[in-house]
Amino acid sequence: MAKSTTASPRTAPAPPADDGTVHRSVEEHSKLFRDLLLGFVKIHILYHASLEPIFGVGITTELEQHGYRLSPGTLYPLLHNLEAAGFLEREDQIVGGKIRKYYGITPLGQRALEEARAKVVDLVNEVTEVGVDPKPKSARRKPAASRSGS
């Protein structure tokens with residue numbers, strides 16, 4: 001049986017492929033990149049839950065429109081964790097004879113969204129600046145001090 005190259009959140013990430021494997025995207029290569037994207041997904045979830053109650057299949061469709069493809073095994077734990085953290089509240093409703101779990105934002109979730117929104121704006125402004133050295137300020141070489149009298 002072939003080993004899976006996809007790391008689950010509970011296992012250590014696989015070392016970078018040095019066997020010539022070509023990945024179609026960074027997402028396929030890096031658990032760290034996946035974790036970064038999940039931060040964006042959480043902000044999307046909070047945002048949409050602030051507009052109206054969301055449910056699993058509905059938010060999955062919305063996220064797919066933004067290029068995020070989440071399996072139920074990723075999405076539902078995210079929703080449950082946001083609920084457990086107090087950012088979302090759940091209401092069960094009967095739809096078509098089945099229970100559908102709707103999630104709405106809480107006041108704590110709204111505050112988190114507002115703080116995240118400010119950070120997103122700051123980040124976008126920083127990473128999209130034109131004509132700015134892309135290196136972090138701490139990594140930039142300081143110009144040599146000019147010598148007087150030369």
# chains A, B, ... in the order shown; residues from 1 in each chain; ligands from 1
$ residues_around --residues "Gln110 (chain A)" --least-positions-apart "3" --cutoff "8 Å" --atoms "only C-alpha atoms" --output "list in words"
Leu46, Ser50, Phe87, Ile105, Thr106, Pro107, Leu113 and Glu114 of chain A
$ select_by_dssp --residues "region 45-88 of chain A" --states "alpha helix (DSSP H)" --output "ChimeraX atom specification"
/A:45-51,56-65,72-84
$ select_by_dssp --residues "region 97-138 of chain A" --states "strand (DSSP E)" --output "MDAnalysis selection string"
chainID A and resid 98:105
$ write_last_selection --atoms "C-alpha atoms" --output "PDB file, in the first residue's frame"
ATOM      1  CA  LYS A  98     -32.856  16.546   8.225  1.00  0.00           C
ATOM      2  CA  ILE A  99     -31.088  18.619  10.855  1.00  0.00           C
ATOM      3  CA  ARG A 100     -29.009  21.425   9.372  1.00  0.00           C
ATOM      4  CA  LYS A 101     -26.577  23.261  11.641  1.00  0.00           C
ATOM      5  CA  TYR A 102     -26.551  27.013  11.050  1.00  0.00           C
ATOM      6  CA  TYR A 103     -23.753  29.137  12.455  1.00  0.00           C
ATOM      7  CA  GLY A 104     -24.041  32.830  13.240  1.00  0.00           C
ATOM      8  CA  ILE A 105     -21.397  35.192  14.514  1.00  0.00           C
TER       9      ILE A 105
END
$ residues_around --residues "Phe40 (chain A)" --least-positions-apart "6" --cutoff "12 Å" --atoms "only C-alpha atoms" --output "list in words"
Phe33, Arg34, Leu46, Tyr47, Leu63, His66, Gly67, Tyr68, Leu78, Leu113, Ala116, Arg117, Lys119 and Val120 of chain A
$ write_last_selection --atoms "N, CA and C atoms" --output "compact mmCIF listing (two decimals), in the first residue's frame"
# COMPACT_ATOMS: atom_id res chain seq x y z
N PHE A 33 1.86 26.25 4.31
CA PHE A 33 1.04 27.07 3.42
C PHE A 33 -0.44 26.77 3.65
N ARG A 34 -0.77 25.51 3.84
CA ARG A 34 -2.15 25.11 4.12
C ARG A 34 -2.64 25.79 5.39
N LEU A 46 -16.02 33.86 9.33
CA LEU A 46 -16.55 34.88 10.24
C LEU A 46 -17.27 35.98 9.47
N TYR A 47 -16.69 36.40 8.37
CA TYR A 47 -17.31 37.46 7.58
C TYR A 47 -18.70 37.04 7.09
N LEU A 63 -16.73 29.37 -0.37
CA LEU A 63 -15.26 29.30 -0.30
C LEU A 63 -14.66 28.83 -1.62
N HIS A 66 -13.79 31.36 -4.07
CA HIS A 66 -12.55 32.09 -3.77
C HIS A 66 -11.31 31.21 -3.94
N GLY A 67 -11.51 30.00 -4.46
CA GLY A 67 -10.39 29.11 -4.73
C GLY A 67 -10.02 28.19 -3.59
N TYR A 68 -10.80 28.16 -2.52
CA TYR A 68 -10.53 27.27 -1.39
C TYR A 68 -11.36 26.01 -1.56
N LEU A 78 -13.28 23.06 11.65
CA LEU A 78 -13.09 24.52 11.73
C LEU A 78 -14.32 25.19 12.33
N LEU A 113 -13.46 39.53 14.09
CA LEU A 113 -13.52 39.87 12.67
C LEU A 113 -13.06 41.30 12.44
N ALA A 116 -9.34 41.37 12.79
CA ALA A 116 -8.73 40.69 11.63
C ALA A 116 -8.84 41.57 10.39
N ARG A 117 -9.97 42.24 10.22
CA ARG A 117 -10.17 43.12 9.06
C ARG A 117 -9.10 44.21 9.04
N LYS A 119 -6.14 44.11 10.37
CA LYS A 119 -4.85 43.49 10.08
C LYS A 119 -4.74 43.09 8.61
N VAL A 120 -5.85 42.63 8.03
CA VAL A 120 -5.85 42.26 6.61
C VAL A 120 -5.59 43.50 5.76
$ residues_around --residues "Glu62 (chain A)" --least-positions-apart "6" --cutoff "12 Å" --atoms "only C-alpha atoms" --output "short mmCIF file (atom, residue, chain, number, x, y, z; two decimals) with C-alpha atoms, in the first residue's frame"
data_model
loop_
_atom_site.label_atom_id
_atom_site.label_comp_id
_atom_site.auth_asym_id
_atom_site.auth_seq_id
_atom_site.Cartn_x
_atom_site.Cartn_y
_atom_site.Cartn_z
CA VAL A 41 -10.69 30.66 5.50
CA HIS A 44 -14.07 34.28 5.36
CA ILE A 45 -16.25 32.14 7.62
CA TYR A 47 -17.31 37.46 7.58
CA HIS A 48 -20.09 35.42 5.96
CA ALA A 49 -21.51 34.44 9.35
CA ILE A 54 -24.11 29.89 7.36
CA PHE A 55 -24.17 26.11 7.04
CA GLY A 56 -21.58 23.61 5.85
CA TYR A 68 -10.53 27.27 -1.39
CA ARG A 69 -11.39 23.57 -1.68
CA LEU A 70 -12.08 22.16 1.78
#
